[in-house]
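Enquirer: Once you've had a glance at the structure underneath, I'll fire off some questions.
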Amino acid sequence: MRSLLNHLILIAGVLFLASPLYLVLVSSSHGSSTLQQLGLQWLPGDQLTNNYLAVFKLASGFSRQVTVVEMLRNSLIVALGSALLTTLFSLLAAYAFVFVRMHAVRTLFWVSLLTLLFPLEARFVNTFQITATLGLINTHTGIVLPTLALALGTLFFRQNFKGLPAEIQEAAQLDSAGPIKFLIDIVIPMYWRCITVVFVIAFILGWNQYLWPLMISTDDSLYTLVRGIRLMGQESGPGMALLVITLLPPLMLLIMCQRWFAKVLE
Amino acid sequence: MASLELKNVQKTYPNGAIAVRGVDMEIDHGEFIVFVGPSGCGKSTLLRMVAGLEKITEGEILIQDKVVNDVTPADRDVAMVFQNYALYPHMTVRGNMSYGLKNRGFAKDEINKKVEDAAAMLRIGDFLDRQPNQLSGGQRQRVAMGRAIVREPKVFLFDEPLSNLDAKLRVQMRIEIKRLQRRMDVTSIYVTHDQTEAMTLADRLAVINDGRVEQMGAPMELYSNPATLFVASFIGSPQINLLPVKLSGQSLVSGDLSIDGFQDLPADKELVLGLRPDHLSLSADQAGSSNSALKIRVDIVEQHGADNVIYGELIGAGSSMDGEPVEFCVKTGQANIPDIESILDLHFDVADAMVFLKETGSRLK
């Protein structure tokens, strides 16, 4: 009885969380006029093909350069670049915090945690100035660079690395493995699940960026999918279709890696 | 030529805690040395200093006459077996055993040969392609030893390698370690808190207490001729019987008890009489010039199979070192099963009795 109740609560939660996705998916099969007059739809319509074709025919912006393929390319560059580099830096920082046994290193860890208190949005003006000074306005690098220091990733790696028995590190020392060999031969293979998890989270964060790319790029050729949704209009069928397309890559990545998420967070 | 030498080795931690207070030791080639002592006595720290995993605060460690204080663990040519095995969980048995050789630049064929030879010796040849989590505790322990063996190091270090195994397996592995060490003829240091393990494995054993070597020598020498009260009570199972006494004339006195036959002892000091359970007997003819001043009231009889161990309160005695009634224990043949609460006469040879100075623990007789 109790477990039935638990299941009902969980099912209700899943429905609540999944309903916006469902609404977007179903609404992308309706025409713009239906959506404008009646709002989001719960039942499938007949405009599915037309909407998706319209998305791929899009050529917008000042120079008519903004196409879905171009936006997808930008989104992938930004999200992949951000995810790869963020994972790498978090991993290296946490490796130093755990395995380099020096007092200064411990202090640095707390400093890095403090950056959690200053999200990008809180330091937009300064970050913009620095990025401008570096000449990175209207570049992919400019969009990616300020997102790289993910203190949460560092913290996550650190907590996991701390579970590694000291004897393994000592055994590796006796086996002539220096710090770099130890990282590559022992730590990375032992923690590849954690690495995947941080990569996926960083990818989604990078993919969903909106405000910062908007600030740092004025060039049409740098539009990402998330920014592009606006071009299609909020209450339009093709807009909903573009929304679905935008959701798909991170969703697929998440589904692919879901098993490891469960294992790592156990 | 000493294979390994410690000269006034000391370890002080940054917080001021002293783990090792000046240890001197010379170990010959092929010797099996056991460090034994209670937990926190500094024995593991000393071993880790030999391995290079712990910095030396003062003194020198020499391996084959070369000072290695500032040599990294990898370059000291020592191999270590850890208590929790410390196998790399993501590598196969073969991977675990060959990793150190690979890092040292050995050729592939040579590595394979060494690994397969060692695996055959340890009877883990069938498991080479398994991962550690598919092995039992005893098998993991063998892999950990295999990883040490393939390196053919100058010194083997064992840090309580058997304490995670069950009792039966521990005895089995103990014999195997001894056999292996003799066959490979490699200088070895073995750390344990288990005195049976220490006695059975060691060529020489070092009893360590509070960061110092209390006494070092062959196991039987330490058993029959301990230099201090600590060594006497740490070595031997069941433990040595101890009775706080004072000298009066030629007798040792405790409460109403008076034990004759002791000379040349300081009259005004507090002393401790030590009698091993196997030096006590229940009948007079078994001991030489028998002294029979002691009686016990039987409390518990432990039947070990071949022999029995009888525990009982010493009648008429003062209080023990901890201020409790004095309990004595006697090792006797399997035929002796006295009734509980019965009173037994204990006989012993005064020549077997040891006397210690209570204040310093040093041995007087």
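Residues in the structure tokens are named by chain (A, B, ... in the order shown) and by number from 1 within that chain; ligands are numbered from 1 in the order shown.
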Using only C-alpha atoms, I'd like a table of the residues in chain B that come within 7 Å of chain A; for each, show the closest atom pair and its distance in Å rounded to one decimal, ordered by chain and ascending number, as JSON lines.
Expert:
```
{"residue": "B:Pro73", "atom": "CA", "partner": "A:Leu174", "partner_atom": "CA", "distance": 5.4}
{"residue": "B:Ala74", "atom": "CA", "partner": "A:Leu174", "partner_atom": "CA", "distance": 4.6}
{"residue": "B:Ala79", "atom": "CA", "partner": "A:Leu174", "partner_atom": "CA", "distance": 6.7}
{"residue": "B:Ala86", "atom": "CA", "partner": "A:Ile168", "partner_atom": "CA", "distance": 4.9}
{"residue": "B:Leu87", "atom": "CA", "partner": "A:Ile168", "partner_atom": "CA", "distance": 6.8}
{"residue": "B:Tyr88", "atom": "CA", "partner": "A:Ile168", "partner_atom": "CA", "distance": 6.8}
{"residue": "B:His90", "atom": "CA", "partner": "A:Met190", "partner_atom": "CA", "distance": 6.1}
{"residue": "B:Tyr99", "atom": "CA", "partner": "A:Asp175", "partner_atom": "CA", "distance": 6.8}
{"residue": "B:Gly100", "atom": "CA", "partner": "A:Asp175", "partner_atom": "CA", "distance": 4.1}
{"residue": "B:Asn103", "atom": "CA", "partner": "A:Ser176", "partner_atom": "CA", "distance": 6.0}
{"residue": "B:Arg104", "atom": "CA", "partner": "A:Ser176", "partner_atom": "CA", "distance": 6.8}
```
Enquirer: Create the file for the chosen residues now, containing C-alpha atoms and written as a PDB file, in the first residue's frame.
Expert:
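Written out: selection28.pdb:
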```
ATOM      1  CA  PRO B  73      60.271   5.467  -3.459  1.00  0.00           C
ATOM      2  CA  ALA B  74      60.479   4.351  -7.086  1.00  0.00           C
ATOM      3  CA  ALA B  79      58.448  -3.266  -3.174  1.00  0.00           C
ATOM      4  CA  ALA B  86      45.994  -1.456  -2.984  1.00  0.00           C
ATOM      5  CA  LEU B  87      45.421  -3.155  -6.320  1.00  0.00           C
ATOM      6  CA  TYR B  88      44.439  -0.945  -9.242  1.00  0.00           C
ATOM      7  CA  HIS B  90      40.414  -1.049 -13.245  1.00  0.00           C
ATOM      8  CA  TYR B  99      52.437  -1.861 -14.422  1.00  0.00           C
ATOM      9  CA  GLY B 100      55.648  -1.220 -12.464  1.00  0.00           C
ATOM     10  CA  ASN B 103      56.945   2.122 -16.216  1.00  0.00           C
ATOM     11  CA  ARG B 104      60.518   0.977 -15.776  1.00  0.00           C
TER      12      ARG B 104
END
```
Enquirer: Find the residues near stretch 221-236 of chain B: any atom within 12 Å, counting only C-alpha atoms, skip ones fewer than 5 places away on the same chain, and give them as a PyMOL selection string.
Expert: chain B and resi 36-38+193-200+202-210+212-216+241-244+271-279+321+331+351-365
Enquirer: Give me the residues within 9 Å of B:Ile27 as a ChimeraX atom specification, counting only C-alpha atoms and dropping any in the same chain fewer than 2 places off.
Expert: /B:2-6,25,29-33,187
Enquirer: I'd like the neighbourhood of B:Asp299 as a list in words, where a residue qualifies if any of its atoms comes within 10 Å (using only C-alpha atoms), though same-chain residues fewer than 2 positions away should be ignored.
Expert: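 Here the qualifying residues turn out to be Ile296, Arg297, Val301, Ile310, Tyr311, Gly312, Glu313, Glu327, Phe328, Cys329, Pro338, Asp339, Ile340, Glu341, Ser342 and Ile343 of chain B.
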Enquirer: Can you pull out every residue within 7 Å of B:Lys178, counting only C-alpha atoms, but drop anything in the same chain fewer than 4 positions away, and send it as a VMD selection string?
Expert: chain B and resid 174 182 201
Enquirer: For C-alpha atoms, I'd like the residues from the last selection saved as a compact mmCIF listing (two decimals), in the first residue's frame.
Expert:
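Once everything was written out, this is selection-v3.txt:
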```txt
# COMPACT_ATOMS: atom_id res chain seq x y z
CA ARG B 174 51.70 -16.90 6.65
CA ARG B 182 63.15 -18.12 1.73
CA LEU B 201 57.73 -15.53 10.47
```
Enquirer: Write out as a PyMOL selection string which residues come within 12 Å of B:Gly146 when counting only C-alpha atoms, dropping same-chain ones fewer than 4 positions away.
Expert: chain B and resi 79-81+85+87+93-100+114-125+128+139-142+150-153+156+177+180
Enquirer: Atom CA of B:Tyr13 to atom CA of B:Gly40: how many Å, to one decimal?
Expert: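 Those two atoms sit 13.6 Å apart.
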Enquirer: Give me the residues near A:Trp42 as a CSV table (one decimal) with all heavy atoms, in the first residue's frame, where near means some atom within 12 Å (using only C-alpha atoms) and where sequence neighbours in that chain fewer than 2 positions away do not count.
Expert:
```
chain,number,residue,atom,x,y,z
A,19,SER,N,5.5,17.3,-18.6
A,19,SER,CA,4.4,17.9,-19.4
A,19,SER,C,4.9,19.1,-20.3
A,19,SER,O,4.4,19.2,-21.4
A,19,SER,CB,3.3,18.3,-18.5
A,19,SER,OG,3.8,19.2,-17.4
A,20,PRO,N,5.8,20.0,-19.8
A,20,PRO,CA,6.2,21.0,-20.7
A,20,PRO,C,6.9,20.5,-22.0
A,20,PRO,O,6.6,21.0,-23.1
A,20,PRO,CB,7.3,21.8,-19.9
A,20,PRO,CG,7.0,21.5,-18.5
A,20,PRO,CD,6.4,20.1,-18.5
A,21,LEU,N,7.7,19.4,-21.9
A,21,LEU,CA,8.3,18.8,-23.0
A,21,LEU,C,7.2,18.3,-24.0
A,21,LEU,O,7.2,18.5,-25.2
A,21,LEU,CB,9.1,17.6,-22.6
A,21,LEU,CG,10.6,17.9,-22.2
A,21,LEU,CD1,11.3,16.6,-21.7
A,21,LEU,CD2,11.3,18.5,-23.4
A,22,TYR,N,6.2,17.6,-23.4
A,22,TYR,CA,5.1,17.1,-24.2
A,22,TYR,C,4.4,18.2,-24.9
A,22,TYR,O,4.1,18.1,-26.1
A,22,TYR,CB,4.2,16.3,-23.3
A,22,TYR,CG,2.9,15.8,-24.0
A,22,TYR,CD1,2.9,14.7,-24.7
A,22,TYR,CD2,1.7,16.6,-23.8
A,22,TYR,CE1,1.8,14.3,-25.4
A,22,TYR,CE2,0.6,16.1,-24.5
A,22,TYR,CZ,0.6,15.0,-25.2
A,22,TYR,OH,-0.6,14.6,-25.9
A,23,LEU,N,4.1,19.3,-24.2
A,23,LEU,CA,3.4,20.4,-24.7
A,23,LEU,C,4.1,21.0,-25.9
A,23,LEU,O,3.5,21.3,-27.0
A,23,LEU,CB,3.2,21.5,-23.7
A,23,LEU,CG,1.9,21.4,-22.8
A,23,LEU,CD1,2.0,22.5,-21.7
A,23,LEU,CD2,0.7,21.6,-23.7
A,24,VAL,N,5.4,21.2,-25.8
A,24,VAL,CA,6.2,21.7,-26.9
A,24,VAL,C,6.2,20.8,-28.1
A,24,VAL,O,5.9,21.2,-29.2
A,24,VAL,CB,7.6,22.0,-26.4
A,24,VAL,CG1,8.5,22.3,-27.6
A,24,VAL,CG2,7.7,23.1,-25.4
A,25,LEU,N,6.4,19.5,-27.8
A,25,LEU,CA,6.4,18.5,-28.9
A,25,LEU,C,5.1,18.5,-29.7
A,25,LEU,O,5.0,18.6,-30.9
A,25,LEU,CB,6.7,17.1,-28.3
A,25,LEU,CG,7.0,16.0,-29.3
A,25,LEU,CD1,8.2,16.3,-30.1
A,25,LEU,CD2,7.1,14.7,-28.6
A,26,VAL,N,4.0,18.4,-28.9
A,26,VAL,CA,2.6,18.4,-29.6
A,26,VAL,C,2.3,19.7,-30.3
A,26,VAL,O,1.8,19.7,-31.4
A,26,VAL,CB,1.6,18.0,-28.5
A,26,VAL,CG1,0.2,18.2,-29.1
A,26,VAL,CG2,1.8,16.6,-28.1
A,27,SER,N,2.7,20.8,-29.6
A,27,SER,CA,2.3,22.1,-30.2
A,27,SER,C,3.1,22.3,-31.5
A,27,SER,O,2.7,23.1,-32.4
A,27,SER,CB,2.7,23.2,-29.2
A,27,SER,OG,1.9,23.1,-28.1
A,28,SER,N,4.3,21.6,-31.7
A,28,SER,CA,5.0,21.8,-32.9
A,28,SER,C,4.3,21.2,-34.1
A,28,SER,O,4.8,21.3,-35.2
A,28,SER,CB,6.4,21.3,-32.7
A,28,SER,OG,6.4,19.9,-32.8
A,29,SER,N,3.2,20.6,-33.9
A,29,SER,CA,2.5,20.0,-35.0
A,29,SER,C,1.2,20.8,-35.3
A,29,SER,O,0.3,20.4,-36.0
A,29,SER,CB,2.0,18.6,-34.7
A,29,SER,OG,1.1,18.6,-33.6
A,30,HIS,N,1.2,22.1,-34.8
A,30,HIS,CA,0.0,23.0,-35.1
A,30,HIS,C,0.5,24.2,-35.8
A,30,HIS,O,1.7,24.6,-35.7
A,30,HIS,CB,-0.6,23.4,-33.7
A,30,HIS,CG,-1.4,22.3,-33.1
A,30,HIS,ND1,-2.8,22.1,-33.4
A,30,HIS,CD2,-1.1,21.4,-32.2
A,30,HIS,CE1,-3.2,21.0,-32.7
A,30,HIS,NE2,-2.2,20.6,-32.0
A,35,LEU,N,-1.9,28.4,-32.6
A,35,LEU,CA,-1.1,28.6,-31.4
A,35,LEU,C,-1.4,30.1,-30.8
A,35,LEU,O,-1.5,30.3,-29.6
A,35,LEU,CB,0.4,28.4,-31.6
A,35,LEU,CG,0.8,27.0,-31.9
A,35,LEU,CD1,2.2,26.9,-32.3
A,35,LEU,CD2,0.6,26.1,-30.6
A,38,LEU,N,-5.3,30.0,-29.6
A,38,LEU,CA,-5.7,29.0,-28.5
A,38,LEU,C,-4.6,28.6,-27.6
A,38,LEU,O,-4.8,27.9,-26.6
A,38,LEU,CB,-6.3,27.8,-29.2
A,38,LEU,CG,-7.4,28.0,-30.1
A,38,LEU,CD1,-7.7,26.7,-30.9
A,38,LEU,CD2,-8.7,28.4,-29.4
A,39,GLY,N,-3.4,29.1,-27.8
A,39,GLY,CA,-2.3,28.8,-26.9
A,39,GLY,C,-1.7,27.4,-27.2
A,39,GLY,O,-2.0,26.8,-28.2
A,40,LEU,N,-0.9,26.9,-26.2
A,40,LEU,CA,-0.3,25.6,-26.4
A,40,LEU,C,-1.3,24.5,-26.5
A,40,LEU,O,-2.3,24.6,-25.8
A,40,LEU,CB,0.7,25.3,-25.3
A,40,LEU,CG,1.9,26.3,-25.2
A,40,LEU,CD1,2.7,26.1,-24.0
A,40,LEU,CD2,2.8,26.1,-26.5
A,44,PRO,N,-2.2,16.3,-30.8
A,44,PRO,CA,-1.5,16.5,-32.0
A,44,PRO,C,-2.3,17.2,-33.1
A,44,PRO,O,-3.5,17.0,-33.2
A,44,PRO,CB,-1.1,15.1,-32.5
A,44,PRO,CG,-1.3,14.3,-31.3
A,44,PRO,CD,-2.4,14.9,-30.5
A,45,GLY,N,-1.6,18.1,-33.9
A,45,GLY,CA,-2.3,18.7,-35.1
A,45,GLY,C,-1.8,18.2,-36.4
A,45,GLY,O,-1.1,17.2,-36.4
```
Enquirer: Hey, can you check how far atom CA of A:Leu53 sits from atom CA of A:Asn208?
Expert: 23.8 Å
Enquirer: May I ask which of the residues A:Leu222, A:Val200, A:Val264, A:Leu17 is the closest one to A:Leu80, counting only C-alpha atoms?
Expert: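 Result for the nearest residue to A:Leu80: A:Val200.
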